[in-house]
$ cat query09.txt   # compact mmCIF, N, CA and C atoms
# COMPACT_ATOMS: atom_id res chain seq x y z
N MET A 98 41.14 -38.12 -158.65
CA MET A 98 41.08 -38.09 -157.20
C MET A 98 39.87 -38.86 -156.69
N LYS A 99 39.82 -39.03 -155.39
CA LYS A 99 38.75 -39.81 -154.79
C LYS A 99 37.38 -39.23 -155.12
N GLN A 100 37.26 -37.91 -155.15
CA GLN A 100 35.96 -37.29 -155.43
C GLN A 100 35.50 -37.53 -156.87
N ASP A 101 36.40 -37.97 -157.75
CA ASP A 101 36.06 -38.24 -159.14
C ASP A 101 35.56 -39.67 -159.36
N ILE A 102 35.63 -40.50 -158.34
CA ILE A 102 35.18 -41.89 -158.45
C ILE A 102 33.73 -41.98 -158.02
N PRO A 103 32.85 -42.45 -158.91
CA PRO A 103 31.44 -42.61 -158.48
C PRO A 103 31.30 -43.86 -157.62
N PHE A 104 30.65 -43.73 -156.48
CA PHE A 104 30.43 -44.85 -155.58
C PHE A 104 28.95 -45.22 -155.64
N ASP A 105 28.64 -46.20 -156.48
CA ASP A 105 27.27 -46.68 -156.62
C ASP A 105 26.94 -47.59 -155.44
N PRO A 106 25.66 -47.65 -155.08
CA PRO A 106 25.28 -48.51 -153.95
C PRO A 106 25.43 -49.99 -154.29
N VAL A 107 25.79 -50.77 -153.29
CA VAL A 107 25.92 -52.21 -153.43
C VAL A 107 24.52 -52.82 -153.31
N GLU A 108 24.15 -53.62 -154.29
CA GLU A 108 22.84 -54.29 -154.27
C GLU A 108 23.03 -55.76 -154.58
N GLY A 109 22.29 -56.61 -153.89
CA GLY A 109 22.31 -58.03 -154.17
C GLY A 109 23.49 -58.79 -153.60
N VAL A 110 24.34 -58.13 -152.83
CA VAL A 110 25.49 -58.77 -152.20
C VAL A 110 25.31 -58.64 -150.69
N SER A 111 25.52 -59.74 -149.97
CA SER A 111 25.36 -59.69 -148.52
C SER A 111 26.30 -60.70 -147.86
N ILE A 112 26.36 -60.60 -146.55
CA ILE A 112 27.16 -61.51 -145.72
C ILE A 112 26.19 -62.24 -144.78
N ALA A 113 26.41 -63.53 -144.61
CA ALA A 113 25.60 -64.33 -143.69
C ALA A 113 26.52 -65.16 -142.81
N VAL A 114 26.12 -65.31 -141.55
CA VAL A 114 26.83 -66.18 -140.61
C VAL A 114 25.89 -67.35 -140.32
N VAL A 115 26.37 -68.55 -140.65
CA VAL A 115 25.51 -69.73 -140.64
C VAL A 115 26.05 -70.77 -139.66
N PRO A 116 25.19 -71.24 -138.76
CA PRO A 116 25.65 -72.28 -137.82
C PRO A 116 25.62 -73.66 -138.46
N ASP A 117 26.39 -74.56 -137.87
CA ASP A 117 26.35 -75.97 -138.24
C ASP A 117 24.94 -76.49 -137.94
N GLU A 118 24.48 -77.48 -138.66
CA GLU A 118 23.13 -78.01 -138.45
C GLU A 118 22.91 -78.46 -137.01
N ALA A 119 23.91 -79.02 -136.37
CA ALA A 119 23.75 -79.48 -134.98
C ALA A 119 23.44 -78.32 -134.05
N VAL A 120 23.96 -77.13 -134.35
CA VAL A 120 23.69 -75.96 -133.52
C VAL A 120 22.23 -75.56 -133.64
N THR A 121 21.71 -75.50 -134.87
CA THR A 121 20.32 -75.07 -135.06
C THR A 121 19.32 -76.07 -134.51
N LEU A 122 19.71 -77.35 -134.48
CA LEU A 122 18.83 -78.36 -133.92
C LEU A 122 18.94 -78.44 -132.40
N GLY A 123 19.89 -77.72 -131.82
CA GLY A 123 20.07 -77.72 -130.38
C GLY A 123 20.77 -78.95 -129.85
N THR A 124 21.47 -79.70 -130.74
CA THR A 124 22.12 -80.93 -130.30
C THR A 124 23.61 -80.76 -130.07
N ALA A 125 24.12 -79.54 -130.22
CA ALA A 125 25.55 -79.32 -130.00
C ALA A 125 25.75 -77.91 -129.45
N ASP A 126 26.96 -77.69 -128.94
CA ASP A 126 27.27 -76.33 -128.51
C ASP A 126 27.42 -75.45 -129.74
N MET A 127 27.66 -74.17 -129.54
CA MET A 127 27.73 -73.22 -130.65
C MET A 127 29.16 -73.11 -131.17
N SER A 128 29.79 -74.24 -131.50
CA SER A 128 31.20 -74.18 -131.84
C SER A 128 31.50 -74.02 -133.33
N VAL A 129 30.57 -74.33 -134.22
CA VAL A 129 30.88 -74.28 -135.65
C VAL A 129 29.92 -73.33 -136.37
N TRP A 130 30.43 -72.16 -136.72
CA TRP A 130 29.68 -71.17 -137.50
C TRP A 130 30.55 -70.78 -138.69
N THR A 131 29.94 -70.52 -139.82
CA THR A 131 30.66 -70.20 -141.04
C THR A 131 30.13 -68.89 -141.63
N VAL A 132 31.04 -68.06 -142.12
CA VAL A 132 30.67 -66.81 -142.78
C VAL A 132 30.63 -67.06 -144.28
N TYR A 133 29.55 -66.61 -144.93
CA TYR A 133 29.39 -66.75 -146.38
C TYR A 133 29.19 -65.39 -147.03
N LEU A 134 29.72 -65.25 -148.23
CA LEU A 134 29.42 -64.12 -149.10
C LEU A 134 28.32 -64.59 -150.03
N LEU A 135 27.20 -63.87 -150.07
CA LEU A 135 26.06 -64.23 -150.91
C LEU A 135 25.95 -63.25 -152.07
N ASN A 136 25.86 -63.79 -153.28
CA ASN A 136 25.66 -62.96 -154.47
C ASN A 136 24.29 -63.32 -155.06
N ASN A 137 23.31 -62.47 -154.81
CA ASN A 137 21.94 -62.67 -155.30
C ASN A 137 21.70 -62.04 -156.66
N ASN A 138 22.74 -61.55 -157.30
CA ASN A 138 22.61 -60.85 -158.58
C ASN A 138 22.59 -61.82 -159.76
N ASP A 139 22.17 -61.30 -160.92
CA ASP A 139 22.18 -62.07 -162.17
C ASP A 139 23.54 -62.03 -162.84
N PHE A 140 24.50 -61.38 -162.23
CA PHE A 140 25.85 -61.27 -162.79
C PHE A 140 26.88 -61.71 -161.75
N GLY A 141 28.03 -62.12 -162.24
CA GLY A 141 29.10 -62.54 -161.35
C GLY A 141 29.91 -61.36 -160.85
N LEU A 142 30.70 -61.61 -159.81
CA LEU A 142 31.59 -60.61 -159.23
C LEU A 142 33.02 -61.06 -159.50
N THR A 143 33.91 -60.13 -159.74
CA THR A 143 35.31 -60.49 -159.96
C THR A 143 36.20 -59.74 -159.00
N ASN A 144 37.37 -60.32 -158.77
CA ASN A 144 38.39 -59.72 -157.91
C ASN A 144 37.80 -59.27 -156.57
N VAL A 145 37.16 -60.19 -155.87
CA VAL A 145 36.49 -59.90 -154.60
C VAL A 145 37.52 -59.90 -153.47
N LEU A 146 37.56 -58.83 -152.72
CA LEU A 146 38.42 -58.72 -151.54
C LEU A 146 37.54 -58.53 -150.32
N ILE A 147 37.83 -59.30 -149.26
CA ILE A 147 37.07 -59.18 -148.02
C ILE A 147 38.06 -59.01 -146.88
N SER A 148 37.85 -57.97 -146.08
CA SER A 148 38.65 -57.72 -144.90
C SER A 148 37.75 -57.97 -143.69
N ALA A 149 38.17 -58.86 -142.79
CA ALA A 149 37.36 -59.23 -141.64
C ALA A 149 38.09 -58.88 -140.35
N GLU A 150 37.35 -58.27 -139.41
CA GLU A 150 37.93 -57.99 -138.10
C GLU A 150 36.83 -57.84 -137.07
N GLY A 151 37.22 -57.98 -135.81
CA GLY A 151 36.32 -57.79 -134.70
C GLY A 151 36.91 -56.79 -133.72
N TYR A 152 36.03 -56.03 -133.07
CA TYR A 152 36.51 -55.05 -132.10
C TYR A 152 35.41 -54.77 -131.08
N GLY A 153 35.82 -54.31 -129.91
CA GLY A 153 34.87 -54.00 -128.85
C GLY A 153 35.53 -54.12 -127.50
N THR A 154 34.74 -54.53 -126.50
CA THR A 154 35.26 -54.67 -125.14
C THR A 154 34.94 -56.06 -124.60
N GLN A 155 35.83 -56.55 -123.78
CA GLN A 155 35.62 -57.81 -123.09
C GLN A 155 34.61 -57.58 -121.97
N PRO A 156 34.00 -58.64 -121.44
CA PRO A 156 33.06 -58.47 -120.33
C PRO A 156 33.68 -57.73 -119.13
N ALA A 157 35.00 -57.85 -118.94
CA ALA A 157 35.66 -57.16 -117.83
C ALA A 157 35.90 -55.68 -118.12
N GLY A 158 35.59 -55.23 -119.35
CA GLY A 158 35.72 -53.82 -119.69
C GLY A 158 36.95 -53.43 -120.49
N GLU A 159 37.87 -54.37 -120.73
CA GLU A 159 39.08 -54.03 -121.47
C GLU A 159 38.80 -54.03 -122.98
N ALA A 160 39.41 -53.09 -123.68
CA ALA A 160 39.25 -53.00 -125.13
C ALA A 160 39.98 -54.15 -125.81
N VAL A 161 39.38 -54.65 -126.89
CA VAL A 161 39.98 -55.76 -127.62
C VAL A 161 39.74 -55.56 -129.12
N ARG A 162 40.72 -56.00 -129.91
CA ARG A 162 40.61 -55.97 -131.36
C ARG A 162 41.23 -57.26 -131.89
N THR A 163 40.51 -57.94 -132.76
CA THR A 163 41.04 -59.17 -133.33
C THR A 163 42.00 -58.85 -134.46
N SER A 164 42.69 -59.85 -134.93
CA SER A 164 43.54 -59.68 -136.11
C SER A 164 42.65 -59.37 -137.31
N THR A 165 43.18 -58.60 -138.24
CA THR A 165 42.46 -58.36 -139.49
C THR A 165 42.86 -59.46 -140.46
N LEU A 166 41.85 -60.16 -140.96
CA LEU A 166 42.08 -61.23 -141.92
C LEU A 166 41.56 -60.77 -143.28
N ARG A 167 42.31 -61.08 -144.33
CA ARG A 167 41.92 -60.67 -145.67
C ARG A 167 41.76 -61.89 -146.56
N TYR A 168 40.73 -61.85 -147.40
CA TYR A 168 40.43 -62.95 -148.29
C TYR A 168 40.27 -62.41 -149.71
N HIS A 169 40.67 -63.23 -150.68
CA HIS A 169 40.53 -62.85 -152.09
C HIS A 169 39.87 -64.00 -152.85
N PHE A 170 38.88 -63.65 -153.66
CA PHE A 170 38.22 -64.61 -154.53
C PHE A 170 38.27 -64.05 -155.94
N GLU A 171 38.83 -64.81 -156.84
CA GLU A 171 38.97 -64.37 -158.23
C GLU A 171 37.61 -64.08 -158.85
N ALA A 172 36.63 -64.95 -158.58
CA ALA A 172 35.29 -64.78 -159.15
C ALA A 172 34.26 -65.39 -158.21
N VAL A 173 33.09 -64.77 -158.17
CA VAL A 173 31.94 -65.30 -157.43
C VAL A 173 30.79 -65.35 -158.43
N ALA A 174 30.26 -66.53 -158.64
CA ALA A 174 29.22 -66.74 -159.65
C ALA A 174 27.90 -66.06 -159.26
N PRO A 175 27.06 -65.78 -160.26
CA PRO A 175 25.73 -65.24 -159.95
C PRO A 175 24.90 -66.24 -159.13
N HIS A 176 24.04 -65.74 -158.28
CA HIS A 176 23.15 -66.56 -157.46
C HIS A 176 23.92 -67.69 -156.75
N SER A 177 24.96 -67.30 -156.03
CA SER A 177 25.78 -68.30 -155.35
C SER A 177 26.20 -67.82 -153.96
N ALA A 178 26.65 -68.79 -153.17
CA ALA A 178 27.18 -68.52 -151.83
C ALA A 178 28.62 -69.02 -151.80
N THR A 179 29.52 -68.18 -151.29
CA THR A 179 30.94 -68.53 -151.21
C THR A 179 31.36 -68.52 -149.75
N GLN A 180 31.94 -69.63 -149.29
CA GLN A 180 32.41 -69.70 -147.91
C GLN A 180 33.61 -68.79 -147.74
N VAL A 181 33.57 -67.92 -146.72
CA VAL A 181 34.65 -66.98 -146.46
C VAL A 181 35.55 -67.49 -145.35
N GLU A 182 34.99 -67.77 -144.19
CA GLU A 182 35.79 -68.19 -143.04
C GLU A 182 34.92 -68.88 -142.01
N LEU A 183 35.57 -69.61 -141.10
CA LEU A 183 34.91 -70.08 -139.90
C LEU A 183 35.03 -68.98 -138.87
N ILE A 184 34.02 -68.81 -138.04
CA ILE A 184 34.06 -67.77 -137.01
C ILE A 184 33.81 -68.41 -135.65
N ASP A 185 34.60 -68.03 -134.69
CA ASP A 185 34.53 -68.57 -133.34
C ASP A 185 33.45 -67.84 -132.54
N PRO A 186 32.51 -68.55 -131.93
CA PRO A 186 31.49 -67.90 -131.11
C PRO A 186 32.06 -67.06 -129.96
N ALA A 187 33.33 -67.24 -129.63
CA ALA A 187 33.95 -66.44 -128.57
C ALA A 187 34.06 -64.97 -128.95
N VAL A 188 33.88 -64.64 -130.24
CA VAL A 188 33.95 -63.22 -130.66
C VAL A 188 32.57 -62.64 -130.97
N PHE A 189 31.50 -63.37 -130.69
CA PHE A 189 30.16 -62.87 -130.98
C PHE A 189 29.76 -61.69 -130.11
N HIS A 190 30.44 -61.50 -128.98
CA HIS A 190 30.14 -60.35 -128.12
C HIS A 190 30.83 -59.07 -128.63
N LEU A 191 31.63 -59.21 -129.70
CA LEU A 191 32.31 -58.06 -130.31
C LEU A 191 31.53 -57.59 -131.54
N THR A 192 31.87 -56.42 -132.03
CA THR A 192 31.39 -55.96 -133.33
C THR A 192 32.22 -56.69 -134.37
N ASN A 193 31.58 -57.41 -135.27
CA ASN A 193 32.28 -58.15 -136.32
C ASN A 193 32.02 -57.45 -137.65
N GLN A 194 33.09 -57.01 -138.29
CA GLN A 194 33.00 -56.20 -139.51
C GLN A 194 33.60 -56.94 -140.70
N TYR A 195 32.89 -56.90 -141.81
CA TYR A 195 33.35 -57.47 -143.08
C TYR A 195 33.27 -56.37 -144.13
N TRP A 196 34.42 -55.99 -144.66
CA TRP A 196 34.47 -54.95 -145.68
C TRP A 196 34.69 -55.66 -147.01
N VAL A 197 33.69 -55.59 -147.88
CA VAL A 197 33.70 -56.32 -149.15
C VAL A 197 33.90 -55.34 -150.29
N SER A 198 34.88 -55.62 -151.15
CA SER A 198 35.12 -54.84 -152.37
C SER A 198 35.14 -55.81 -153.54
N TYR A 199 34.58 -55.39 -154.67
CA TYR A 199 34.55 -56.27 -155.84
C TYR A 199 34.35 -55.43 -157.10
N TYR A 200 34.61 -56.08 -158.22
CA TYR A 200 34.37 -55.47 -159.52
C TYR A 200 33.16 -56.11 -160.18
N GLN A 201 32.35 -55.27 -160.79
CA GLN A 201 31.27 -55.72 -161.66
C GLN A 201 31.58 -55.09 -163.00
N GLN A 202 31.98 -55.91 -163.94
CA GLN A 202 32.52 -55.46 -165.22
C GLN A 202 33.73 -54.57 -164.93
N ASP A 203 33.70 -53.29 -165.27
CA ASP A 203 34.87 -52.43 -165.03
C ASP A 203 34.65 -51.44 -163.89
N ARG A 204 33.60 -51.64 -163.08
CA ARG A 204 33.28 -50.74 -161.97
C ARG A 204 33.60 -51.41 -160.65
N ILE A 205 34.12 -50.62 -159.71
CA ILE A 205 34.43 -51.16 -158.38
C ILE A 205 33.32 -50.77 -157.40
N PHE A 206 32.98 -51.69 -156.53
CA PHE A 206 31.97 -51.48 -155.49
C PHE A 206 32.57 -51.92 -154.16
N ASP A 207 32.12 -51.28 -153.08
CA ASP A 207 32.52 -51.75 -151.76
C ASP A 207 31.48 -51.38 -150.72
N LYS A 208 31.44 -52.19 -149.67
CA LYS A 208 30.48 -51.97 -148.60
C LYS A 208 30.99 -52.65 -147.33
N LYS A 209 30.72 -52.01 -146.19
CA LYS A 209 31.01 -52.61 -144.89
C LYS A 209 29.74 -53.26 -144.36
N PHE A 210 29.88 -54.50 -143.93
CA PHE A 210 28.79 -55.23 -143.29
C PHE A 210 29.18 -55.39 -141.84
N ILE A 211 28.40 -54.82 -140.93
CA ILE A 211 28.75 -54.81 -139.51
C ILE A 211 27.68 -55.56 -138.71
N PHE A 212 28.14 -56.61 -138.02
CA PHE A 212 27.29 -57.35 -137.09
C PHE A 212 27.55 -56.78 -135.70
N VAL A 213 26.54 -56.17 -135.11
CA VAL A 213 26.70 -55.56 -133.79
C VAL A 213 26.87 -56.66 -132.74
N PRO A 214 27.41 -56.30 -131.56
CA PRO A 214 27.63 -57.31 -130.52
C PRO A 214 26.36 -58.10 -130.18
N ASP A 215 26.54 -59.38 -130.01
CA ASP A 215 25.48 -60.31 -129.61
C ASP A 215 24.33 -60.40 -130.61
N SER A 216 24.56 -60.07 -131.89
CA SER A 216 23.51 -60.22 -132.90
C SER A 216 23.60 -61.58 -133.60
N ILE A 217 24.75 -62.25 -133.47
CA ILE A 217 24.92 -63.56 -134.10
C ILE A 217 24.52 -64.62 -133.07
N VAL A 218 23.23 -64.93 -133.07
CA VAL A 218 22.66 -65.91 -132.14
C VAL A 218 21.61 -66.73 -132.90
N PRO A 219 21.35 -67.96 -132.46
CA PRO A 219 20.35 -68.79 -133.16
C PRO A 219 18.98 -68.12 -133.29
N ALA A 220 18.60 -67.28 -132.33
CA ALA A 220 17.29 -66.63 -132.39
C ALA A 220 17.16 -65.67 -133.59
N ASN A 221 18.28 -65.18 -134.12
CA ASN A 221 18.26 -64.26 -135.26
C ASN A 221 18.41 -64.97 -136.60
N CYS A 222 18.46 -66.30 -136.59
CA CYS A 222 18.61 -67.06 -137.83
C CYS A 222 17.30 -67.08 -138.61
N ARG A 223 17.45 -67.05 -139.93
CA ARG A 223 16.30 -67.19 -140.83
C ARG A 223 16.75 -68.00 -142.04
N PRO A 224 15.84 -68.64 -142.74
CA PRO A 224 16.23 -69.47 -143.89
C PRO A 224 16.88 -68.63 -145.00
N LEU A 225 17.95 -69.17 -145.58
CA LEU A 225 18.68 -68.49 -146.65
C LEU A 225 18.53 -69.28 -147.94
N ALA A 226 17.91 -68.68 -148.93
CA ALA A 226 17.61 -69.36 -150.19
C ALA A 226 18.87 -69.86 -150.89
N LEU A 227 19.94 -69.06 -150.90
CA LEU A 227 21.15 -69.46 -151.61
C LEU A 227 21.90 -70.61 -150.93
N LEU A 228 21.51 -70.93 -149.72
CA LEU A 228 22.11 -72.04 -148.99
C LEU A 228 21.09 -73.16 -148.77
N ALA A 229 20.22 -73.33 -149.75
CA ALA A 229 19.20 -74.40 -149.73
C ALA A 229 18.31 -74.34 -148.49
N GLY A 230 18.01 -73.12 -148.02
CA GLY A 230 17.11 -72.96 -146.89
C GLY A 230 17.75 -73.10 -145.52
N ARG A 231 19.08 -73.33 -145.48
CA ARG A 231 19.75 -73.41 -144.17
C ARG A 231 19.56 -72.09 -143.43
N PRO A 232 19.33 -72.14 -142.13
CA PRO A 232 19.17 -70.90 -141.37
C PRO A 232 20.50 -70.22 -141.09
N GLY A 233 20.47 -68.89 -141.07
CA GLY A 233 21.65 -68.13 -140.77
C GLY A 233 21.29 -66.70 -140.42
N VAL A 234 22.25 -65.96 -139.88
CA VAL A 234 22.06 -64.56 -139.55
C VAL A 234 22.53 -63.77 -140.77
N LEU A 235 21.60 -63.05 -141.39
CA LEU A 235 21.87 -62.34 -142.64
C LEU A 235 22.10 -60.86 -142.38
N HIS A 236 23.12 -60.32 -143.02
CA HIS A 236 23.35 -58.87 -143.03
C HIS A 236 23.38 -58.46 -144.48
N GLY A 237 22.57 -57.56 -144.86
CA GLY A 237 22.56 -57.17 -146.27
C GLY A 237 21.73 -55.98 -146.47
$ encode --input "query09.txt" --output "structure tokens"
Amino acid sequence: MKQDIPFDPVEGVSIAVVPDEAVTLGTADMSVWTVYLLNNNDFGLTNVLISAEGYGTQPAGEAVRTSTLRYHFEAVAPHSATQVELIDPAVFHLTNQYWVSYYQQDRIFDKKFIFVPDSIVPANCRPLALLAGRPGVLHG
């Protein structure tokens, strides 16, 4: 049963939302942002599943929920970044959730990474080592 499954904490795995270089330099609008799965561990991940969705309210007050998108990666190498999806800045005012599940050897791990509304902005970007110092909004 579910209570018999040990749920160890997720360590060394995170989600980052990274703008195109033109966005960070201020030479373009905020149209190109990419979501990455970052594996900072000394071991690889296998059978990675990511469920992505957004939810919240529109500025006019109406409730909104985006489609749930699912991604599968057979393997993610140690100390690597894997591109998950492009994300439209039109949903940055929503809560953006990424639920990541993966196997490490024969153990399953999972964690929800939640970006609160209006947290994905250039002001929250910081250099990301796994992306050669490119700035991005890190959740981990």
$ residues_around --input "query09.txt" --residues "Cys222 in chain A" --least-positions-apart "2" --cutoff "12 Å" --atoms "only C-alpha atoms" --output "PyMOL selection string"
chain A and resi 113-118+120-122+130+216-220+224-225+230-236
$ write_last_selection --input "query09.txt" --atoms "N, CA and C atoms" --output "short mmCIF file (atom, residue, chain, number, x, y, z; two decimals), keeping the file's coordinate frame"
data_model
loop_
_atom_site.label_atom_id
_atom_site.label_comp_id
_atom_site.auth_asym_id
_atom_site.auth_seq_id
_atom_site.Cartn_x
_atom_site.Cartn_y
_atom_site.Cartn_z
N ALA A 113 26.41 -63.53 -144.61
CA ALA A 113 25.60 -64.33 -143.69
C ALA A 113 26.52 -65.16 -142.81
N VAL A 114 26.12 -65.31 -141.55
CA VAL A 114 26.83 -66.18 -140.61
C VAL A 114 25.89 -67.35 -140.32
N VAL A 115 26.37 -68.55 -140.65
CA VAL A 115 25.51 -69.73 -140.64
C VAL A 115 26.05 -70.77 -139.66
N PRO A 116 25.19 -71.24 -138.76
CA PRO A 116 25.65 -72.28 -137.82
C PRO A 116 25.62 -73.66 -138.46
N ASP A 117 26.39 -74.56 -137.87
CA ASP A 117 26.35 -75.97 -138.24
C ASP A 117 24.94 -76.49 -137.94
N GLU A 118 24.48 -77.48 -138.66
CA GLU A 118 23.13 -78.01 -138.45
C GLU A 118 22.91 -78.46 -137.01
N VAL A 120 23.96 -77.13 -134.35
CA VAL A 120 23.69 -75.96 -133.52
C VAL A 120 22.23 -75.56 -133.64
N THR A 121 21.71 -75.50 -134.87
CA THR A 121 20.32 -75.07 -135.06
C THR A 121 19.32 -76.07 -134.51
N LEU A 122 19.71 -77.35 -134.48
CA LEU A 122 18.83 -78.36 -133.92
C LEU A 122 18.94 -78.44 -132.40
N TRP A 130 30.43 -72.16 -136.72
CA TRP A 130 29.68 -71.17 -137.50
C TRP A 130 30.55 -70.78 -138.69
N SER A 216 24.56 -60.07 -131.89
CA SER A 216 23.51 -60.22 -132.90
C SER A 216 23.60 -61.58 -133.60
N ILE A 217 24.75 -62.25 -133.47
CA ILE A 217 24.92 -63.56 -134.10
C ILE A 217 24.52 -64.62 -133.07
N VAL A 218 23.23 -64.93 -133.07
CA VAL A 218 22.66 -65.91 -132.14
C VAL A 218 21.61 -66.73 -132.90
N PRO A 219 21.35 -67.96 -132.46
CA PRO A 219 20.35 -68.79 -133.16
C PRO A 219 18.98 -68.12 -133.29
N ALA A 220 18.60 -67.28 -132.33
CA ALA A 220 17.29 -66.63 -132.39
C ALA A 220 17.16 -65.67 -133.59
N PRO A 224 15.84 -68.64 -142.74
CA PRO A 224 16.23 -69.47 -143.89
C PRO A 224 16.88 -68.63 -145.00
N LEU A 225 17.95 -69.17 -145.58
CA LEU A 225 18.68 -68.49 -146.65
C LEU A 225 18.53 -69.28 -147.94
N GLY A 230 18.01 -73.12 -148.02
CA GLY A 230 17.11 -72.96 -146.89
C GLY A 230 17.75 -73.10 -145.52
N ARG A 231 19.08 -73.33 -145.48
CA ARG A 231 19.75 -73.41 -144.17
C ARG A 231 19.56 -72.09 -143.43
N PRO A 232 19.33 -72.14 -142.13
CA PRO A 232 19.17 -70.90 -141.37
C PRO A 232 20.50 -70.22 -141.09
N GLY A 233 20.47 -68.89 -141.07
CA GLY A 233 21.65 -68.13 -140.77
C GLY A 233 21.29 -66.70 -140.42
N VAL A 234 22.25 -65.96 -139.88
CA VAL A 234 22.06 -64.56 -139.55
C VAL A 234 22.53 -63.77 -140.77
N LEU A 235 21.60 -63.05 -141.39
CA LEU A 235 21.87 -62.34 -142.64
C LEU A 235 22.10 -60.86 -142.38
N HIS A 236 23.12 -60.32 -143.02
CA HIS A 236 23.35 -58.87 -143.03
C HIS A 236 23.38 -58.46 -144.48
#
$ closest_residue --input "query09.txt" --among "A:Thr154, A:Ser111, A:Thr192, A:Gln201" --to "Ser177 in chain A" --atoms "only C-alpha atoms"
A:Ser111
$ closest_residue --input "query09.txt" --among "A:Glu182, A:Glu108, A:Asp101, A:Glu171" --to "Lys208 in chain A" --atoms "only C-alpha atoms"
A:Glu108
$ atom_distance --input "query09.txt" --atom1 "atom N of Phe212 in chain A" --atom2 "CA of Asn193 in chain A"
4.7 Å
$ residues_around --input "query09.txt" --residues "Val181 in chain A" --least-positions-apart "5" --cutoff "6 Å" --atoms "only N, CA and C atoms" --output "PyMOL selection string"
chain A and resi 132-134
$ closest_residue --input "query09.txt" --among "A:Phe210, A:Leu228, A:Leu183, A:Val188" --to "Val129 in chain A" --atoms "only N, CA and C atoms"
A:Leu183
$ atom_distance --input "query09.txt" --atom1 "CA of Thr131 in chain A" --atom2 "CA of Thr143 in chain A"
21.8 Å
$ residues_around --input "query09.txt" --residues "Asn138 in chain A" --least-positions-apart "5" --cutoff "7 Å" --atoms "only N, CA and C atoms" --output "list in words"
Glu108, Gly109, Val110, Ala174, Pro175, His176 and Ser177 of chain A
$ atom_distance --input "query09.txt" --atom1 "atom N of Asp207 in chain A" --atom2 "CA of Arg162 in chain A"
23.8 Å
$ select_by_dssp --input "query09.txt" --residues "chain A" --states "alpha helix (DSSP H)" --output "list in words"
Glu118, Ala119, Val120 and Thr121 of chain A
$ residues_around --input "query09.txt" --residues "Val197 in chain A" --least-positions-apart "5" --cutoff "12 Å" --atoms "only C-alpha atoms" --output "count of residues only"
30
$ axis_aligned_box --input "query09.txt" --around "range 141-154 of chain A" --padding-each-side "5 Å" --output "lines of an AutoDock Vina configuration file"
center_x = 33.3
center_y = -58.3
center_z = -143.4
size_x = 20.6
size_y = 18.5
size_z = 47.6
$ closest_residue --input "query09.txt" --among "A:Val173, A:Leu191, A:Ile184, A:Ala178" --to "Glu159 in chain A" --atoms "only C-alpha atoms"
A:Leu191
$ closest_residue --input "query09.txt" --among "A:Gly158, A:Pro106, A:Gly141, A:Gly151" --to "Gln202 in chain A" --atoms "only N, CA and C atoms"
A:Gly141
